[in-house]
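S.K.: work26.csv is reproduced below (CSV, C-alpha atoms).
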```csv
chain,number,residue,atom,x,y,z
Z,265,MET,CA,0.0,0.0,0.0
Z,266,SER,CA,2.9,2.4,0.7
Z,267,LEU,CA,5.3,3.9,-1.7
Z,268,SER,CA,8.8,4.9,-0.9
Z,269,ILE,CA,11.1,7.3,-2.7
Z,270,ARG,CA,14.8,8.0,-2.1
Z,271,PHE,CA,16.2,11.3,-3.3
Z,272,ALA,CA,20.0,11.3,-3.6
Z,273,GLY,CA,22.7,13.6,-4.8
Z,274,SER,CA,25.4,15.9,-3.6
Z,275,GLY,CA,25.1,18.4,-0.8
Z,276,GLY,CA,23.4,21.6,-2.2
Z,277,GLN,CA,21.4,19.8,-4.8
Z,278,GLY,CA,18.2,20.0,-2.7
Z,279,THR,CA,17.5,16.3,-2.1
Z,280,ILE,CA,16.4,17.0,1.4
Z,281,THR,CA,14.1,19.8,0.3
Z,282,ALA,CA,12.6,17.6,-2.3
Z,283,GLY,CA,11.8,15.0,0.4
Z,284,VAL,CA,10.3,17.7,2.7
Z,285,ILE,CA,8.1,19.0,-0.1
Z,286,LEU,CA,6.8,15.6,-1.0
Z,287,ALA,CA,6.1,14.5,2.6
Z,288,ARG,CA,4.2,17.8,3.2
Z,289,ALA,CA,2.2,17.5,0.0
Z,290,ALA,CA,1.1,14.0,0.9
Z,291,THR,CA,0.1,14.8,4.5
Z,292,LEU,CA,-1.1,18.4,4.5
Z,293,TYR,CA,-2.9,18.5,1.2
Z,294,GLU,CA,-3.9,14.9,0.7
Z,295,ASN,CA,-5.3,12.6,3.3
Z,296,GLN,CA,-2.2,10.5,3.5
Z,297,TYR,CA,0.6,9.7,6.0
Z,298,ALA,CA,4.3,10.1,5.4
Z,299,THR,CA,7.6,9.7,7.1
Z,300,LEU,CA,10.8,11.5,6.1
Z,301,PHE,CA,14.3,10.4,6.9
Z,302,GLN,CA,17.3,12.6,6.4
Z,303,ASN,CA,21.0,11.8,6.7
Z,304,TYR,CA,23.1,14.8,7.5
Z,305,GLY,CA,26.9,15.0,7.8
Z,306,ALA,CA,28.3,13.4,4.8
Z,307,ALA,CA,26.5,16.1,2.7
Z,308,ALA,CA,28.0,18.8,4.9
Z,309,ARG,CA,31.3,17.4,3.9
Z,310,GLY,CA,30.5,17.6,0.2
Z,311,GLY,CA,29.6,13.9,0.0
Z,312,LEU,CA,26.4,12.0,-0.8
Z,313,ALA,CA,23.2,13.6,0.5
Z,314,SER,CA,19.9,11.7,0.6
Z,315,SER,CA,16.4,11.7,2.0
Z,316,GLU,CA,13.8,9.0,2.1
Z,317,VAL,CA,10.0,9.5,2.0
Z,318,LYS,CA,7.5,6.9,2.6
Z,319,ILE,CA,3.9,7.7,1.7
Z,320,SER,CA,0.8,5.7,2.7
Z,321,PRO,CA,-2.9,6.1,3.0
Z,322,GLN,CA,-2.6,4.4,6.3
Z,323,GLU,CA,-0.5,5.2,9.4
Z,324,ILE,CA,3.1,4.0,8.9
Z,325,ILE,CA,4.2,1.4,11.4
Z,326,PHE,CA,7.6,0.6,9.9
Z,327,PRO,CA,9.1,3.8,8.5
Z,328,ASN,CA,12.4,2.3,7.4
Z,329,VAL,CA,13.1,2.2,3.7
Z,330,VAL,CA,15.3,-0.7,2.7
Z,331,ARG,CA,14.4,-1.0,-1.0
Z,332,PRO,CA,12.9,2.2,-2.4
Z,333,ASP,CA,10.2,1.9,-5.1
Z,334,VAL,CA,11.7,4.9,-6.7
Z,335,LEU,CA,15.3,6.3,-6.7
Z,336,VAL,CA,15.7,9.9,-7.8
Z,337,ALA,CA,19.4,10.3,-8.4
Z,338,MET,CA,21.2,13.6,-9.1
Z,339,SER,CA,24.8,12.4,-9.3
Z,340,GLN,CA,26.8,9.4,-10.5
Z,341,GLU,CA,27.8,8.8,-6.9
Z,342,ALA,CA,24.1,8.5,-5.9
Z,343,VAL,CA,23.4,6.0,-8.7
Z,344,ASP,CA,26.5,4.0,-7.8
Z,345,ALA,CA,25.5,3.9,-4.1
Z,346,TYR,CA,21.8,3.1,-4.4
Z,347,ILE,CA,21.0,1.6,-7.8
Z,348,GLU,CA,20.9,-2.0,-6.5
Z,349,ASP,CA,18.6,-1.0,-3.6
Z,350,ILE,CA,15.7,-0.2,-6.0
Z,351,GLU,CA,12.7,-2.5,-5.4
Z,352,VAL,CA,11.8,-5.1,-8.1
Z,353,ASN,CA,9.7,-3.4,-10.8
Z,354,GLY,CA,10.9,-0.1,-9.4
Z,355,LEU,CA,11.8,3.2,-11.1
Z,356,LEU,CA,15.1,5.0,-11.5
Z,357,ILE,CA,14.9,8.7,-12.3
Z,358,TYR,CA,18.2,10.5,-13.0
Z,359,ASP,CA,19.8,13.6,-14.3
Z,360,LYS,CA,21.1,12.3,-17.6
Z,361,GLU,CA,23.9,14.8,-18.0
Z,362,LEU,CA,25.3,14.3,-14.5
Z,363,VAL,CA,24.9,10.5,-14.6
Z,364,LYS,CA,26.9,8.7,-17.3
Z,365,ASP,CA,26.2,5.1,-16.3
Z,366,ALA,CA,22.8,3.9,-14.9
Z,367,THR,CA,22.4,0.2,-15.5
Z,368,PRO,CA,20.6,-1.8,-12.8
Z,369,LYS,CA,21.3,-5.5,-12.8
Z,370,SER,CA,17.6,-6.3,-12.7
Z,371,GLU,CA,15.8,-5.7,-16.0
Z,372,SER,CA,12.6,-5.1,-14.1
Z,373,ILE,CA,13.8,-1.6,-13.2
Z,374,LYS,CA,12.5,1.2,-15.4
Z,375,LYS,CA,15.0,4.0,-16.1
Z,376,LEU,CA,14.1,7.6,-17.0
Z,377,GLY,CA,16.8,10.2,-17.5
Z,378,ILE,CA,16.1,13.9,-17.9
Z,379,LYS,CA,18.3,17.0,-18.3
Z,380,ALA,CA,17.2,18.5,-15.0
Z,381,THR,CA,20.3,20.5,-14.1
Z,382,GLN,CA,20.9,22.0,-17.5
Z,383,THR,CA,17.2,22.9,-17.8
Z,384,ALA,CA,17.4,24.6,-14.3
Z,385,ILE,CA,20.3,26.6,-15.5
Z,386,ASP,CA,18.4,27.6,-18.6
Z,387,LEU,CA,15.5,28.7,-16.3
Z,388,GLY,CA,17.9,31.0,-14.4
Z,389,ASN,CA,19.0,29.0,-11.3
Z,390,LYS,CA,20.7,25.7,-11.0
Z,391,VAL,CA,19.2,25.1,-7.6
Z,392,VAL,CA,15.7,24.4,-9.0
Z,393,ALA,CA,16.9,21.2,-10.6
Z,394,ASN,CA,15.5,19.3,-7.6
Z,395,ILE,CA,12.0,20.8,-8.3
Z,396,ILE,CA,12.2,19.8,-12.0
Z,397,MET,CA,13.0,16.2,-10.8
Z,398,LEU,CA,10.1,16.4,-8.3
Z,399,GLY,CA,7.7,17.6,-11.0
Z,400,PHE,CA,8.9,14.8,-13.3
Z,401,LEU,CA,8.4,12.2,-10.5
Z,402,VAL,CA,4.9,13.4,-9.8
Z,403,GLY,CA,4.0,13.5,-13.5
Z,404,VAL,CA,5.4,10.0,-14.2
Z,405,ALA,CA,4.6,8.1,-11.0
Z,406,GLU,CA,1.6,10.0,-9.7
Z,407,VAL,CA,2.8,9.7,-6.1
Z,408,VAL,CA,0.7,12.8,-5.2
Z,409,SER,CA,-1.4,15.0,-7.5
Z,410,LYS,CA,0.0,17.9,-9.4
Z,411,ASP,CA,-2.2,20.4,-7.4
Z,412,THR,CA,-0.9,19.2,-4.1
Z,413,ILE,CA,2.8,19.2,-5.0
Z,414,GLU,CA,2.4,22.7,-6.3
Z,415,LYS,CA,0.8,23.9,-3.0
Z,416,ALA,CA,3.7,22.2,-1.1
Z,417,VAL,CA,6.3,23.8,-3.3
Z,418,LEU,CA,4.7,27.3,-2.7
Z,419,GLU,CA,4.6,26.7,1.0
Z,420,VAL,CA,8.3,25.6,1.4
Z,421,VAL,CA,10.3,27.8,-1.0
Z,422,PRO,CA,11.1,31.4,-0.1
Z,423,PRO,CA,8.5,33.9,-1.4
Z,424,LYS,CA,10.9,35.6,-3.8
Z,425,HIS,CA,11.7,32.3,-5.5
Z,426,LYS,CA,8.1,31.2,-6.0
Z,427,THR,CA,7.9,32.0,-9.7
Z,428,ILE,CA,11.1,30.1,-10.8
Z,429,ASN,CA,10.1,27.1,-8.7
Z,430,LEU,CA,6.6,26.9,-10.2
Z,431,ARG,CA,8.2,27.1,-13.7
Z,432,ALA,CA,10.6,24.3,-12.7
Z,433,LEU,CA,7.7,22.2,-11.5
Z,434,GLU,CA,5.9,22.7,-14.8
Z,435,VAL,CA,8.9,21.8,-16.8
Z,436,GLY,CA,9.1,18.6,-14.8
Z,437,PHE,CA,5.4,17.9,-15.5
Z,438,ALA,CA,6.1,18.6,-19.2
Z,439,PHE,CA,9.0,16.2,-19.4
Z,440,ALA,CA,6.6,13.6,-17.8
Z,441,GLU,CA,3.9,14.3,-20.4
Z,442,LYS,CA,6.3,13.4,-23.2
Z,443,ILE,CA,7.3,10.2,-21.5
Z,444,ASN,CA,3.6,9.3,-20.8
Z,445,LYS,CA,2.8,9.8,-24.5
Z,446,LEU,CA,5.5,7.3,-25.7
X,830,MET,CA,29.3,7.9,21.5
X,831,SER,CA,26.1,9.1,20.0
X,832,LEU,CA,23.3,11.1,21.6
X,833,SER,CA,19.7,10.9,20.6
X,834,ILE,CA,16.9,13.4,21.3
X,835,ARG,CA,13.2,13.0,20.6
X,836,PHE,CA,11.1,16.2,20.3
X,837,ALA,CA,7.4,15.5,20.7
X,838,GLY,CA,4.2,17.6,21.0
X,839,SER,CA,1.2,18.6,19.0
X,840,GLY,CA,1.2,19.7,15.3
X,841,GLY,CA,2.1,23.4,15.1
X,842,GLN,CA,4.4,23.4,18.2
X,843,GLY,CA,7.5,23.2,16.0
X,844,THR,CA,8.9,19.9,17.1
X,845,ILE,CA,10.1,19.1,13.6
X,846,THR,CA,11.7,22.6,13.2
X,847,ALA,CA,13.5,22.0,16.5
X,848,GLY,CA,14.9,18.7,15.1
X,849,VAL,CA,16.0,20.3,11.9
X,850,ILE,CA,17.8,23.2,13.7
X,851,LEU,CA,19.6,20.8,16.0
X,852,ALA,CA,20.7,18.4,13.2
X,853,ARG,CA,21.9,21.3,11.1
X,854,ALA,CA,23.8,22.9,14.0
X,855,ALA,CA,25.6,19.6,14.7
X,856,THR,CA,26.6,19.0,11.1
X,857,LEU,CA,27.1,22.4,9.5
X,858,TYR,CA,28.7,24.2,12.3
X,859,GLU,CA,30.3,21.4,14.3
X,860,ASN,CA,32.3,18.6,12.9
X,861,GLN,CA,29.6,16.0,13.7
X,862,TYR,CA,27.2,13.7,11.9
X,863,ALA,CA,23.4,13.7,12.4
X,864,THR,CA,20.3,11.9,11.3
X,865,LEU,CA,16.8,13.3,11.5
X,866,PHE,CA,13.6,11.3,11.4
X,867,GLN,CA,10.2,12.9,11.1
X,868,ASN,CA,6.8,11.4,11.2
X,869,TYR,CA,4.1,13.4,9.4
X,870,GLY,CA,0.5,12.6,9.2
X,871,ALA,CA,-0.8,12.3,12.7
X,872,ALA,CA,0.4,15.8,13.2
X,873,ALA,CA,-1.5,17.1,10.2
X,874,ARG,CA,-4.5,15.6,11.8
X,875,GLY,CA,-3.9,17.6,15.1
X,876,GLY,CA,-2.3,14.6,16.8
X,877,LEU,CA,1.1,13.8,18.1
X,878,ALA,CA,4.0,15.2,16.2
X,879,SER,CA,7.6,14.1,16.7
X,880,SER,CA,11.1,14.2,15.4
X,881,GLU,CA,14.2,12.4,16.3
X,882,VAL,CA,17.7,13.6,16.0
X,883,LYS,CA,20.8,11.4,16.5
X,884,ILE,CA,24.1,13.2,16.8
X,885,SER,CA,27.5,11.6,16.7
X,886,PRO,CA,31.1,12.6,16.1
X,887,GLN,CA,31.3,9.5,13.8
X,888,GLU,CA,29.2,8.5,10.8
X,889,ILE,CA,25.9,7.0,12.0
X,890,ILE,CA,25.4,3.4,10.8
X,891,PHE,CA,22.2,2.7,12.7
X,892,PRO,CA,20.0,5.8,12.6
X,893,ASN,CA,17.0,4.4,14.4
X,894,VAL,CA,16.2,5.7,17.9
X,895,VAL,CA,14.5,3.2,20.1
X,896,ARG,CA,15.3,4.7,23.4
X,897,PRO,CA,16.2,8.4,23.2
X,898,ASP,CA,18.7,9.8,25.7
X,899,VAL,CA,16.5,12.9,26.0
X,900,LEU,CA,12.8,13.4,25.5
X,901,VAL,CA,11.7,17.0,24.9
X,902,ALA,CA,7.9,16.9,25.5
X,903,MET,CA,5.5,19.8,24.8
X,904,SER,CA,2.2,18.1,25.6
X,905,GLN,CA,0.8,15.6,28.1
X,906,GLU,CA,0.0,13.3,25.2
X,907,ALA,CA,3.7,13.4,24.2
X,908,VAL,CA,4.8,12.5,27.7
X,909,ASP,CA,2.2,9.7,28.0
X,910,ALA,CA,3.3,8.2,24.6
X,911,TYR,CA,7.1,8.4,25.1
X,912,ILE,CA,8.1,8.7,28.8
X,913,GLU,CA,8.8,5.0,29.2
X,914,ASP,CA,11.0,5.0,26.1
X,915,ILE,CA,13.7,7.3,27.7
X,916,GLU,CA,17.1,5.6,28.1
X,917,VAL,CA,18.3,4.7,31.6
X,918,ASN,CA,19.9,7.8,33.2
X,919,GLY,CA,18.2,9.8,30.5
X,920,LEU,CA,16.6,13.2,30.7
X,921,LEU,CA,13.0,14.4,30.3
X,922,ILE,CA,12.5,18.1,29.5
X,923,TYR,CA,8.9,19.3,29.4
X,924,ASP,CA,6.6,22.3,29.4
X,925,LYS,CA,5.5,22.3,33.0
X,926,GLU,CA,2.2,24.1,32.3
X,927,LEU,CA,1.1,21.9,29.5
X,928,VAL,CA,2.2,18.7,31.2
X,929,LYS,CA,0.5,17.9,34.4
X,930,ASP,CA,1.9,14.5,35.1
X,931,ALA,CA,5.5,13.4,34.2
X,932,THR,CA,6.5,10.5,36.3
X,933,PRO,CA,8.8,8.0,34.7
X,934,LYS,CA,8.9,4.5,36.3
X,935,SER,CA,12.6,4.5,36.4
X,936,GLU,CA,14.1,6.8,39.1
X,937,SER,CA,17.2,7.1,37.0
X,938,ILE,CA,15.5,9.6,34.7
X,939,LYS,CA,16.1,13.2,35.5
X,940,LYS,CA,13.1,15.6,35.0
X,941,LEU,CA,13.2,19.3,34.2
X,942,GLY,CA,10.1,21.3,33.6
X,943,ILE,CA,10.1,24.9,32.3
X,944,LYS,CA,7.3,27.3,31.4
X,945,ALA,CA,8.2,27.4,27.7
X,946,THR,CA,4.9,28.2,26.2
X,947,GLN,CA,3.9,30.9,28.7
X,948,THR,CA,7.3,32.5,28.3
X,949,ALA,CA,7.0,32.4,24.5
X,950,ILE,CA,3.6,34.2,24.8
X,951,ASP,CA,5.2,36.8,27.1
X,952,LEU,CA,7.9,37.3,24.5
X,953,GLY,CA,5.2,38.0,21.9
X,954,ASN,CA,4.7,34.7,20.0
X,955,LYS,CA,3.6,31.3,21.2
X,956,VAL,CA,5.4,29.6,18.3
X,957,VAL,CA,8.9,30.3,19.7
X,958,ALA,CA,8.2,27.9,22.7
X,959,ASN,CA,10.1,25.2,20.7
X,960,ILE,CA,13.2,27.5,20.5
X,961,ILE,CA,13.0,28.2,24.3
X,962,MET,CA,13.0,24.4,24.8
X,963,LEU,CA,15.9,24.0,22.3
X,964,GLY,CA,17.9,26.7,24.2
X,965,PHE,CA,17.2,25.0,27.5
X,966,LEU,CA,18.2,21.6,26.0
X,967,VAL,CA,21.5,23.0,24.8
X,968,GLY,CA,22.2,24.8,28.0
X,969,VAL,CA,21.5,21.8,30.2
X,970,ALA,CA,22.7,18.9,28.1
X,971,GLU,CA,25.4,20.6,25.9
X,972,VAL,CA,24.4,18.6,22.9
X,973,VAL,CA,26.0,21.3,20.7
X,974,SER,CA,27.5,24.6,21.7
X,975,LYS,CA,25.4,27.8,22.2
X,976,ASP,CA,27.2,29.5,19.3
X,977,THR,CA,26.3,26.8,16.8
X,978,ILE,CA,22.7,26.4,17.8
X,979,GLU,CA,22.4,30.2,17.5
X,980,LYS,CA,23.8,30.1,13.9
X,981,ALA,CA,21.5,27.3,13.0
X,982,VAL,CA,18.4,29.1,14.4
X,983,LEU,CA,19.3,32.2,12.4
X,984,GLU,CA,19.7,30.1,9.3
X,985,VAL,CA,16.4,28.3,9.6
X,986,VAL,CA,13.9,30.9,10.8
X,987,PRO,CA,12.4,33.5,8.5
X,988,PRO,CA,14.5,36.8,8.5
X,989,LYS,CA,11.7,38.9,10.0
X,990,HIS,CA,11.4,36.5,13.0
X,991,LYS,CA,15.1,36.4,13.8
X,992,THR,CA,15.0,38.8,16.8
X,993,ILE,CA,12.2,37.0,18.7
X,994,ASN,CA,13.8,33.6,18.0
X,995,LEU,CA,17.2,34.8,19.3
X,996,ARG,CA,15.5,36.1,22.4
X,997,ALA,CA,13.7,32.8,22.9
X,998,LEU,CA,17.0,31.0,22.6
X,999,GLU,CA,18.6,33.2,25.2
X,1000,VAL,CA,15.6,32.7,27.6
X,1001,GLY,CA,16.2,29.0,27.2
X,1002,PHE,CA,19.9,29.4,28.0
X,1003,ALA,CA,19.0,31.5,31.1
X,1004,PHE,CA,16.5,28.8,32.4
X,1005,ALA,CA,19.4,26.3,32.0
X,1006,GLU,CA,21.8,28.6,33.9
X,1007,LYS,CA,19.5,28.6,36.8
X,1008,ILE,CA,19.3,24.8,36.8
X,1009,ASN,CA,23.0,24.4,36.4
X,1010,LYS,CA,23.6,26.6,39.5
X,1011,LEU,CA,21.4,24.5,41.7
```
Represent the structure contained in this file as structure tokens.
M.R.:
Amino acid sequence: MSLSIRFAGSGGQGTITAGVILARAATLYENQYATLFQNYGAAARGGLASSEVKISPQEIIFPNVVRPDVLVAMSQEAVDAYIEDIEVNGLLIYDKELVKDATPKSESIKKLGIKATQTAIDLGNKVVANIIMLGFLVGVAEVVSKDTIEKAVLEVVPPKHKTINLRALEVGFAFAEKINKL
Amino acid sequence: MSLSIRFAGSGGQGTITAGVILARAATLYENQYATLFQNYGAAARGGLASSEVKISPQEIIFPNVVRPDVLVAMSQEAVDAYIEDIEVNGLLIYDKELVKDATPKSESIKKLGIKATQTAIDLGNKVVANIIMLGFLVGVAEVVSKDTIEKAVLEVVPPKHKTINLRALEVGFAFAEKINKL
């Protein structure tokens, strides 16, 4: 019944923020439960940063995520560290310019790469790459509705950055539209 | 080597924010590692909200907190739910106006109650009660230094609320000074 998503990348890429936004969207704006786990420390040292969200329509008794249904990876290091953790029939979403090799051993894993970081730079700020990824995740996997993720983005990002974050989210939705039409 | 703190209260009391600030203080401004776990959902329904921080000078292999060394409780419900989880020789910090009964079975648990919420109201905003609790925790248990928790508070709270949050933190430190002089 529950769905788990791990966001992973380098410190500063906003993987923790992506997790916070998703968890808040599920709980505040949809009638779901969520847990969020964050690992600090390595990221503060420039290493791997990750967050894990578990979403469920029912209260979550066991919040640990051993095998995420979806891995959202924003660096090669993140893919290398977590690609084999992905659940059978799971999904790998990655930044296809920052990740050169993303080949899970299991053929059951679906892989979708997008140019999140380059597109964020084109929009005017590299830091919204995480929001493009989040929009793409929501568009492809429908973990929460587009309306609710938009509300949660608006609530979490600083007021002066609302416009660029909404644009980033819509770009992510648009990337997903293309995939969904294939 | 590691120290674990559970913040618990009702939704809106800022227990998750307190956890975020402490985890960031330990990792960004001190050379430590931290994990942060948050449980959403019940809180969004007006129920029990909690966050758990584990801090360690070394990388954290097992992030789960079964028995926190410190419980910071901001409601009677939080005390009732978690008081028996506190580690032997652990510490219970609570809002002594919101919590009427805080009696752990083990005599090894030290109890410290402060008027966090009333003091926050006197300062001008009830929502800084969590920061008073955090200042008291740091002052009593020295989980991170006063300097680093101040930096983390300034980084996390909205710019226009910096002054009241710093005052709340100092009030928390002052409550701890009194205890430490006993």
S.K.: Which residues, written as a PyMOL selection string, have at least one atom at most 7 Å from segment 960-967 of chain X, with all atoms listed in the file counted and residues fewer than 3 positions away on the same chain left out?
M.R.: chain X and resi 847+945+957+970-975+994+997-1002+1004-1005
S.K.: Write out as a ChimeraX atom specification every residue belonging to chain X that has an atom at most 8 Å from any atom of chain Z, counting all atoms listed in the file.
M.R.: /X:852-853,856-857,861-871,873,888
S.K.: Which is closer to Lys369 of chain Z than all the others in Z:Ile385, Z:Ile347, Z:Leu356, Z:Val420, using all atoms listed in the file?
M.R.: Z:Ile347
S.K.: Please measure the separation of atom CA of Ile285 of chain Z and atom CA of Thr427 of chain Z, giving the value in Å to one decimal.
M.R.: 16.2 Å
S.K.: Which centre and which edge lengths, in Å to one decimal, describe the axis-aligned box that holds all listed atoms of segment 280-286 of chain Z after 6 Å is added on each side, as JSON?
M.R.:
```
{"center_x": 11.6, "center_y": 17.4, "center_z": 0.2, "size_x": 21.6, "size_y": 16.8, "size_z": 17.0}
```
S.K.: Can you tell me how far atom CA of Val352 of chain Z sits from atom CA of Gly278 of chain Z, in Å to one decimal?
M.R.: 26.5 Å
S.K.: So what do you get for atom CA of Ser372 of chain Z versus atom CA of Gly273 of chain Z, distance-wise?
M.R.: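 Taking atom CA of Ser372 of chain Z as the start and atom CA of Gly273 of chain Z as the end point, the length is 23.2 Å.
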S.K.: Which residue out of X:Gly841, X:Ile943, X:Asn954, X:Arg996 has the minimum interatomic distance to Val982 of chain X when only C-alpha atoms are used?
M.R.: X:Arg996
S.K.: Taking (27.9, 16.0, -3.6) as a centre in this file's frame and 7 Å as the limit, can you find every polymer residue with an atom that close, using only C-alpha atoms, and give them as a ChimeraX atom specification?
M.R.: /Z:273-275,307,310-313
S.K.: Applying 7 Å and all atoms listed in the file, which residues near Thr381 of chain Z remain after dropping the ones on its own chain fewer than 2 positions away? List them as an mmCIF file with C-alpha atoms, in the coordinates of the input.
M.R.:
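As a result, result.cif now contains:
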```cif
data_model
loop_
_atom_site.group_PDB
_atom_site.id
_atom_site.type_symbol
_atom_site.label_atom_id
_atom_site.label_comp_id
_atom_site.auth_asym_id
_atom_site.auth_seq_id
_atom_site.Cartn_x
_atom_site.Cartn_y
_atom_site.Cartn_z
ATOM 1 C CA ASP Z 359 19.800 13.600 -14.300
ATOM 2 C CA LYS Z 379 18.300 17.000 -18.300
ATOM 3 C CA THR Z 383 17.200 22.900 -17.800
ATOM 4 C CA ALA Z 384 17.400 24.600 -14.300
ATOM 5 C CA ILE Z 385 20.300 26.600 -15.500
ATOM 6 C CA LYS Z 390 20.700 25.700 -11.000
ATOM 7 C CA ALA Z 393 16.900 21.200 -10.600
#
```
S.K.: Given only C-alpha atoms as the basis, pick out the residue of X:Pro933, X:Ser879, X:Leu900, X:Val908 nearest to Thr846 of chain X.
M.R.: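 Of X:Pro933, X:Ser879, X:Leu900, X:Val908, the one nearest Thr846 of chain X is X:Ser879, counting only C-alpha atoms.
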S.K.: Will you give me segment 949-955 of chain X, written with all heavy atoms and laid out as a compact mmCIF listing (two decimals), in the first residue's frame?
M.R.:
```txt
# COMPACT_ATOMS: atom_id res chain seq x y z
N ALA X 949 7.02 32.07 25.95
CA ALA X 949 6.96 32.44 24.54
C ALA X 949 5.85 33.45 24.29
O ALA X 949 6.03 34.43 23.56
CB ALA X 949 6.75 31.19 23.68
N ILE X 950 4.71 33.23 24.92
CA ILE X 950 3.59 34.18 24.80
C ILE X 950 4.02 35.54 25.35
O ILE X 950 3.78 36.58 24.73
CB ILE X 950 2.33 33.64 25.53
CG1 ILE X 950 1.78 32.41 24.81
CG2 ILE X 950 1.25 34.73 25.64
CD1 ILE X 950 0.74 31.62 25.60
N ASP X 951 4.72 35.54 26.49
CA ASP X 951 5.20 36.80 27.07
C ASP X 951 6.18 37.51 26.14
O ASP X 951 6.22 38.74 26.08
CB ASP X 951 5.87 36.54 28.43
CG ASP X 951 4.88 36.01 29.48
OD1 ASP X 951 3.65 36.13 29.25
OD2 ASP X 951 5.33 35.47 30.50
N LEU X 952 6.97 36.72 25.40
CA LEU X 952 7.93 37.32 24.45
C LEU X 952 7.21 37.90 23.23
O LEU X 952 7.79 38.69 22.50
CB LEU X 952 8.94 36.28 23.96
CG LEU X 952 10.08 35.85 24.89
CD1 LEU X 952 10.94 34.78 24.21
CD2 LEU X 952 10.95 37.05 25.27
N GLY X 953 5.98 37.44 22.99
CA GLY X 953 5.22 38.00 21.88
C GLY X 953 4.71 37.00 20.87
O GLY X 953 3.93 37.35 19.98
N ASN X 954 5.17 35.73 20.95
CA ASN X 954 4.67 34.74 19.99
C ASN X 954 4.82 33.32 20.52
O ASN X 954 5.95 32.82 20.70
CB ASN X 954 5.40 34.88 18.65
CG ASN X 954 4.64 34.21 17.52
OD1 ASN X 954 3.87 33.27 17.75
ND2 ASN X 954 4.83 34.69 16.30
N LYS X 955 3.68 32.70 20.71
CA LYS X 955 3.61 31.34 21.24
C LYS X 955 4.50 30.35 20.46
O LYS X 955 5.00 29.38 21.02
CB LYS X 955 2.14 30.90 21.13
CG LYS X 955 1.77 29.63 21.83
CD LYS X 955 0.26 29.40 21.65
CE LYS X 955 -0.16 28.05 22.19
NZ LYS X 955 -1.62 27.83 22.03
```
